[in-house]
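Pasting target36.pdb here (PDB, C-alpha atoms and all ligand atoms):
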ATOM      1  CA  MET A  12     -48.199   3.887 -38.873  1.00  0.00           C
ATOM      2  CA  LYS A  13     -48.977   7.358 -37.608  1.00  0.00           C
ATOM      3  CA  ARG A  14     -46.173   9.589 -36.446  1.00  0.00           C
ATOM      4  CA  ARG A  15     -47.623   9.988 -32.926  1.00  0.00           C
ATOM      5  CA  SER A  16     -47.945   6.243 -32.488  1.00  0.00           C
ATOM      6  CA  PHE A  17     -44.355   5.686 -33.648  1.00  0.00           C
ATOM      7  CA  THR A  18     -43.049   8.282 -31.139  1.00  0.00           C
ATOM      8  CA  SER A  19     -44.923   6.789 -28.189  1.00  0.00           C
ATOM      9  CA  TRP A  20     -43.721   3.263 -29.056  1.00  0.00           C
ATOM     10  CA  GLY A  21     -40.176   4.609 -29.318  1.00  0.00           C
ATOM     11  CA  THR A  22     -40.415   6.315 -25.932  1.00  0.00           C
ATOM     12  CA  ALA A  23     -41.837   3.193 -24.327  1.00  0.00           C
ATOM     13  CA  GLY A  24     -39.012   1.134 -25.836  1.00  0.00           C
ATOM     14  CA  LEU A  25     -36.396   3.544 -24.558  1.00  0.00           C
ATOM     15  CA  VAL A  26     -37.887   3.484 -21.058  1.00  0.00           C
ATOM     16  CA  ALA A  27     -37.928  -0.326 -21.101  1.00  0.00           C
ATOM     17  CA  LEU A  28     -34.317  -0.446 -22.273  1.00  0.00           C
ATOM     18  CA  CYS A  29     -33.168   1.979 -19.539  1.00  0.00           C
ATOM     19  CA  SER A  30     -35.059  -0.031 -16.919  1.00  0.00           C
ATOM     20  CA  ALA A  31     -33.450  -3.272 -18.056  1.00  0.00           C
ATOM     21  CA  VAL A  32     -29.988  -1.710 -17.980  1.00  0.00           C
ATOM     22  CA  GLY A  33     -30.646  -0.256 -14.513  1.00  0.00           C
ATOM     23  CA  VAL A  34     -31.854  -3.581 -13.123  1.00  0.00           C
ATOM     24  CA  SER A  35     -28.867  -5.382 -14.657  1.00  0.00           C
ATOM     25  CA  LEU A  36     -26.389  -2.904 -13.183  1.00  0.00           C
ATOM     26  CA  GLY A  37     -28.054  -3.254  -9.779  1.00  0.00           C
ATOM     27  CA  ALA A  38     -27.740  -7.025 -10.001  1.00  0.00           C
ATOM     28  CA  VAL A  39     -24.042  -6.762 -10.936  1.00  0.00           C
ATOM     29  CA  VAL A  40     -23.322  -4.396  -8.027  1.00  0.00           C
ATOM     30  CA  ARG A  41     -25.232  -6.665  -5.634  1.00  0.00           C
ATOM     31  CA  PHE A  42     -23.306  -9.681  -6.921  1.00  0.00           C
ATOM     32  CA  LEU A  43     -19.936  -7.980  -6.398  1.00  0.00           C
ATOM     33  CA  THR A  44     -20.746  -6.766  -2.871  1.00  0.00           C
ATOM     34  CA  PRO A  45     -20.263  -9.392  -0.136  1.00  0.00           C
ATOM     35  CA  SER A  46     -23.353 -10.079   1.931  1.00  0.00           C
ATOM     36  CA  VAL A  47     -21.393 -11.087   4.994  1.00  0.00           C
ATOM     37  CA  PHE A  48     -18.080  -9.764   6.265  1.00  0.00           C
ATOM     38  CA  TYR A  49     -16.048 -12.517   7.874  1.00  0.00           C
ATOM     39  CA  GLU A  50     -13.526 -10.236   9.551  1.00  0.00           C
ATOM     40  CA  PRO A  51     -13.952 -10.426  13.317  1.00  0.00           C
ATOM     41  CA  PRO A  52     -14.815  -7.211  15.146  1.00  0.00           C
ATOM     42  CA  GLN A  53     -11.803  -5.114  16.029  1.00  0.00           C
ATOM     43  CA  SER A  54     -13.292  -3.833  19.275  1.00  0.00           C
ATOM     44  CA  PHE A  55     -14.492  -6.404  21.799  1.00  0.00           C
ATOM     45  CA  LYS A  56     -14.900  -7.166  25.495  1.00  0.00           C
ATOM     46  CA  ILE A  57     -12.623  -9.733  27.079  1.00  0.00           C
ATOM     47  CA  GLY A  58     -14.144 -10.119  30.539  1.00  0.00           C
ATOM     48  CA  ASN A  59     -13.979  -8.619  33.999  1.00  0.00           C
ATOM     49  CA  PRO A  60     -10.682  -7.485  35.513  1.00  0.00           C
ATOM     50  CA  ALA A  61     -10.980 -10.177  38.179  1.00  0.00           C
ATOM     51  CA  ASP A  62     -10.915 -12.818  35.438  1.00  0.00           C
ATOM     52  CA  PHE A  63      -7.228 -12.104  34.872  1.00  0.00           C
ATOM     53  CA  SER A  64      -4.502 -13.177  37.235  1.00  0.00           C
ATOM     54  CA  PHE A  65      -1.339 -11.330  38.159  1.00  0.00           C
ATOM     55  CA  GLY A  66       1.927 -12.665  36.836  1.00  0.00           C
ATOM     56  CA  PRO A  67       2.168 -14.432  33.485  1.00  0.00           C
ATOM     57  CA  PRO A  68      -0.054 -12.958  30.783  1.00  0.00           C
ATOM     58  CA  THR A  69      -3.316 -14.576  29.764  1.00  0.00           C
ATOM     59  CA  PHE A  70      -3.332 -15.698  26.145  1.00  0.00           C
ATOM     60  CA  LEU A  71      -6.654 -15.334  24.332  1.00  0.00           C
ATOM     61  CA  ALA A  72      -6.241 -17.589  21.302  1.00  0.00           C
ATOM     62  CA  GLU A  73      -9.325 -16.477  19.412  1.00  0.00           C
ATOM     63  CA  GLU A  74      -8.356 -12.814  19.606  1.00  0.00           C
ATOM     64  CA  LYS A  75      -4.608 -13.523  19.353  1.00  0.00           C
ATOM     65  CA  ILE A  76      -3.732 -11.247  22.228  1.00  0.00           C
ATOM     66  CA  PHE A  77      -1.872 -11.406  25.529  1.00  0.00           C
ATOM     67  CA  VAL A  78      -3.458  -9.691  28.513  1.00  0.00           C
ATOM     68  CA  PHE A  79      -0.940  -8.545  31.110  1.00  0.00           C
ATOM     69  CA  ARG A  80      -2.029  -7.626  34.610  1.00  0.00           C
ATOM     70  CA  ASP A  81       0.378  -5.993  37.009  1.00  0.00           C
ATOM     71  CA  ARG A  82      -0.449  -4.921  40.562  1.00  0.00           C
ATOM     72  CA  GLU A  83       1.244  -1.541  40.265  1.00  0.00           C
ATOM     73  CA  LYS A  84       0.926  -0.820  36.550  1.00  0.00           C
ATOM     74  CA  GLY A  85      -2.476  -2.244  35.631  1.00  0.00           C
ATOM     75  CA  PHE A  86      -3.578  -3.861  32.381  1.00  0.00           C
ATOM     76  CA  ALA A  87      -1.855  -3.978  29.006  1.00  0.00           C
ATOM     77  CA  VAL A  88      -2.733  -5.924  25.865  1.00  0.00           C
ATOM     78  CA  ALA A  89      -0.159  -7.088  23.326  1.00  0.00           C
ATOM     79  CA  SER A  90      -0.745  -8.598  19.925  1.00  0.00           C
ATOM     80  CA  ALA A  91       0.349 -12.225  19.552  1.00  0.00           C
ATOM     81  CA  VAL A  92       0.842 -11.777  15.803  1.00  0.00           C
ATOM     82  CA  CYS A  93       4.466 -11.831  14.723  1.00  0.00           C
ATOM     83  CA  THR A  94       5.394  -8.855  12.570  1.00  0.00           C
ATOM     84  CA  HIS A  95       7.393 -11.038  10.195  1.00  0.00           C
ATOM     85  CA  LEU A  96       4.822 -13.273   8.480  1.00  0.00           C
ATOM     86  CA  GLY A  97       2.020 -13.351  11.010  1.00  0.00           C
ATOM     87  CA  CYS A  98       2.621 -16.502  13.036  1.00  0.00           C
ATOM     88  CA  THR A  99       1.366 -16.575  16.604  1.00  0.00           C
ATOM     89  CA  VAL A 100       4.108 -15.878  19.113  1.00  0.00           C
ATOM     90  CA  GLY A 101       4.357 -17.444  22.543  1.00  0.00           C
ATOM     91  CA  TYR A 102       5.256 -15.718  25.789  1.00  0.00           C
ATOM     92  CA  PHE A 103       7.799 -17.483  27.963  1.00  0.00           C
ATOM     93  CA  GLN A 104       7.661 -16.468  31.587  1.00  0.00           C
ATOM     94  CA  ASP A 105      11.123 -17.854  32.398  1.00  0.00           C
ATOM     95  CA  ASP A 106      12.931 -15.398  30.124  1.00  0.00           C
ATOM     96  CA  GLN A 107      10.039 -12.908  29.891  1.00  0.00           C
ATOM     97  CA  ARG A 108      10.185 -12.745  26.120  1.00  0.00           C
ATOM     98  CA  PHE A 109       7.967 -13.500  23.168  1.00  0.00           C
ATOM     99  CA  HIS A 110       9.255 -16.201  20.827  1.00  0.00           C
ATOM    100  CA  CYS A 111       7.987 -16.872  17.328  1.00  0.00           C
ATOM    101  CA  PRO A 112       7.997 -20.594  16.470  1.00  0.00           C
ATOM    102  CA  CYS A 113       8.091 -20.045  12.701  1.00  0.00           C
ATOM    103  CA  HIS A 114      11.407 -18.333  11.985  1.00  0.00           C
ATOM    104  CA  GLY A 115      12.851 -17.672  15.409  1.00  0.00           C
ATOM    105  CA  SER A 116      12.132 -14.008  16.049  1.00  0.00           C
ATOM    106  CA  VAL A 117      12.460 -12.977  19.669  1.00  0.00           C
ATOM    107  CA  PHE A 118      10.693  -9.981  21.186  1.00  0.00           C
ATOM    108  CA  ALA A 119      11.473  -8.361  24.540  1.00  0.00           C
ATOM    109  CA  ALA A 120       8.780  -8.033  27.189  1.00  0.00           C
ATOM    110  CA  ASP A 121       7.863  -4.616  25.776  1.00  0.00           C
ATOM    111  CA  GLY A 122       7.525  -6.121  22.291  1.00  0.00           C
ATOM    112  CA  ALA A 123      10.784  -4.729  20.885  1.00  0.00           C
ATOM    113  CA  VAL A 124      12.586  -6.944  18.380  1.00  0.00           C
ATOM    114  CA  GLU A 125      15.616  -8.575  19.957  1.00  0.00           C
ATOM    115  CA  HIS A 126      16.244 -11.085  17.224  1.00  0.00           C
ATOM    116  CA  GLY A 127      14.910 -11.020  13.647  1.00  0.00           C
ATOM    117  CA  PRO A 128      13.741 -11.613  11.031  1.00  0.00           C
ATOM    118  CA  ALA A 129      10.756  -9.710  12.427  1.00  0.00           C
ATOM    119  CA  PRO A 130      11.071  -6.144  11.108  1.00  0.00           C
ATOM    120  CA  ARG A 131       8.933  -4.347  13.693  1.00  0.00           C
ATOM    121  CA  PRO A 132       8.019  -4.639  17.376  1.00  0.00           C
ATOM    122  CA  LEU A 133       4.836  -6.346  18.532  1.00  0.00           C
ATOM    123  CA  VAL A 134       1.803  -4.094  18.597  1.00  0.00           C
ATOM    124  CA  TRP A 135       0.022  -3.021  21.775  1.00  0.00           C
ATOM    125  CA  PHE A 136      -3.692  -2.320  21.780  1.00  0.00           C
ATOM    126  CA  GLU A 137      -5.756   0.093  23.793  1.00  0.00           C
ATOM    127  CA  VAL A 138      -7.652  -1.498  26.660  1.00  0.00           C
ATOM    128  CA  THR A 139     -10.385   0.448  28.439  1.00  0.00           C
ATOM    129  CA  ALA A 140     -13.065  -0.215  31.028  1.00  0.00           C
ATOM    130  CA  ALA A 141     -16.528  -0.535  29.495  1.00  0.00           C
ATOM    131  CA  ARG A 142     -19.611   0.816  31.260  1.00  0.00           C
ATOM    132  CA  ASP A 143     -20.470  -2.634  32.557  1.00  0.00           C
ATOM    133  CA  GLY A 144     -17.018  -2.950  34.138  1.00  0.00           C
ATOM    134  CA  GLN A 145     -15.585  -5.362  31.599  1.00  0.00           C
ATOM    135  CA  LEU A 146     -12.302  -4.772  29.852  1.00  0.00           C
ATOM    136  CA  LYS A 147     -12.634  -3.692  26.247  1.00  0.00           C
ATOM    137  CA  VAL A 148      -9.872  -4.042  23.668  1.00  0.00           C
ATOM    138  CA  ASP A 149      -9.732  -1.946  20.515  1.00  0.00           C
ATOM    139  CA  LYS A 150      -7.413  -3.400  17.879  1.00  0.00           C
ATOM    140  CA  ASP A 151      -7.929  -0.335  15.712  1.00  0.00           C
ATOM    141  CA  HIS A 152      -6.271   1.774  18.389  1.00  0.00           C
ATOM    142  CA  VAL A 153      -2.555   1.029  18.710  1.00  0.00           C
ATOM    143  CA  VAL A 154      -0.886   2.438  21.815  1.00  0.00           C
ATOM    144  CA  PRO A 155       2.728   2.692  23.022  1.00  0.00           C
ATOM    145  CA  ALA A 156       4.118  -0.280  24.922  1.00  0.00           C
ATOM    146  CA  THR A 157       4.058   1.856  28.060  1.00  0.00           C
ATOM    147  CA  TYR A 158       0.269   2.310  27.944  1.00  0.00           C
ATOM    148  CA  ARG A 159      -1.528   0.830  30.973  1.00  0.00           C
ATOM    149  CA  LEU A 160      -5.062   0.817  32.295  1.00  0.00           C
ATOM    150  CA  MET A 161      -5.527   1.009  36.059  1.00  0.00           C
ATOM    151  CA  VAL A 162      -8.855  -0.401  37.212  1.00  0.00           C
TER
HETATM  152  S1  LIG B   1       6.579 -15.329  11.277  1.00  0.00           S
HETATM  153 FE1  LIG B   1       7.595 -14.909  13.124  1.00  0.00          FE
HETATM  154  S2  LIG B   1       9.671 -14.986  12.609  1.00  0.00           S
HETATM  155 FE2  LIG B   1       8.662 -15.411  10.754  1.00  0.00          FE
END
Please rewrite the model in this file as structure tokens.
Amino acid sequence: MKRRSFTSWGTAGLVALCSAVGVSLGAVVRFLTPSVFYEPPQSFKIGNPADFSFGPPTFLAEEKIFVFRDREKGFAVASAVCTHLGCTVGYFQDDQRFHCPCHGSVFAADGAVEHGPAPRPLVWFEVTAARDGQLKVDKDHVVPATYRLMV
């Protein structure tokens, strides 16, 4: 075999080997990356202001939030996820408190812990008015319990 022929076969083999390694690495990365993210969007519209009544909060089960509407103060959105182990709390209008059915935590109307084992208060989310007039909640944006949106 001539020296030139040996070198060109060697180069071709090296190129083929690098290509195979590159394709294999691409396949591994593609395999390890999820094609679909199942986490629900953290920012979403919940409807028009008129859809919500005054008085007891509206519970949106899918989003796990309570929407409060007050004539003087406006709208506020509280998380329904207990800060202990993540159960869904209920709001009781008669004592105006959130109660967790799992381990008995009680939260005041502003979300403060009144009775453990929950370690932290309930979270409040930012609610804004979208361009189309609907209310928009952003779960990535935590606000103080005093935050309100007047529409
Ligand atoms: S999950 Fe709510 S008190 Fe344990």
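Note that the spacing between CA of Phe63 in chain A and CA of Arg159 in chain A amounts to 14.7 Å.
A straight line drawn from CA of Glu50 in chain A to CA of Ala87 in chain A is 23.5 Å long.
Shortest separation to ligand LIG 1 (chain B) among A:Val100, A:Ala141, A:Met161, A:Val148 occurs at residue A:Val100, atoms counted being only C-alpha atoms and all ligand atoms.
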Item to check | Selected residue of minimal separation from Gly66 in chain A among A:Phe42, A:Phe118, A:Phe103, A:Tyr49, counting only C-alpha atoms | outcome: A:Phe103
Contacts of ligand LIG 1 (chain B), 12 Å or closer, all atoms listed in the file, given as a compact mmCIF listing (two decimals) with C-alpha atoms, in the coordinates of the input:
# COMPACT_ATOMS: atom_id res chain seq x y z
CA ALA A 91 0.35 -12.22 19.55
CA VAL A 92 0.84 -11.78 15.80
CA CYS A 93 4.47 -11.83 14.72
CA THR A 94 5.39 -8.86 12.57
CA HIS A 95 7.39 -11.04 10.20
CA LEU A 96 4.82 -13.27 8.48
CA GLY A 97 2.02 -13.35 11.01
CA CYS A 98 2.62 -16.50 13.04
CA THR A 99 1.37 -16.58 16.60
CA VAL A 100 4.11 -15.88 19.11
CA GLY A 101 4.36 -17.44 22.54
CA PHE A 109 7.97 -13.50 23.17
CA HIS A 110 9.26 -16.20 20.83
CA CYS A 111 7.99 -16.87 17.33
CA PRO A 112 8.00 -20.59 16.47
CA CYS A 113 8.09 -20.05 12.70
CA HIS A 114 11.41 -18.33 11.98
CA GLY A 115 12.85 -17.67 15.41
CA SER A 116 12.13 -14.01 16.05
CA VAL A 117 12.46 -12.98 19.67
CA PHE A 118 10.69 -9.98 21.19
CA VAL A 124 12.59 -6.94 18.38
CA GLU A 125 15.62 -8.57 19.96
CA HIS A 126 16.24 -11.08 17.22
CA GLY A 127 14.91 -11.02 13.65
CA PRO A 128 13.74 -11.61 11.03
CA ALA A 129 10.76 -9.71 12.43
CA PRO A 130 11.07 -6.14 11.11
CA ARG A 131 8.93 -4.35 13.69
CA PRO A 132 8.02 -4.64 17.38
CA LEU A 133 4.84 -6.35 18.53
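Of the residues listed (A:Ala120, A:Val138, A:Ala38, A:Val153), A:Ala120 shows the shortest atom-to-atom separation from Pro68 in chain A; distances use only C-alpha atoms.
Nearest residue to Glu73 in chain A among A:Thr18, A:Ser90, A:Thr157, A:Asn59 is A:Ser90, counting all atoms listed in the file.
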Checklist entry - If the PyMOL selection byres (((chain A and resi 156) around 8) and not hetatm) is run on the structure shown, which residues does it catch, given as a PyMOL selection string? => result chain A and resi 121-122+134-135+154-155+157-158
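Going from CA of Val40 in chain A over to CA of Val26 in chain A, you cover 21.1 Å.
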Item to check | Option closest in space to Lys150 in chain A, from A:Leu43, A:Leu25, A:Ala123, A:Ile76 [counting all atoms listed in the file] | outcome: A:Ile76
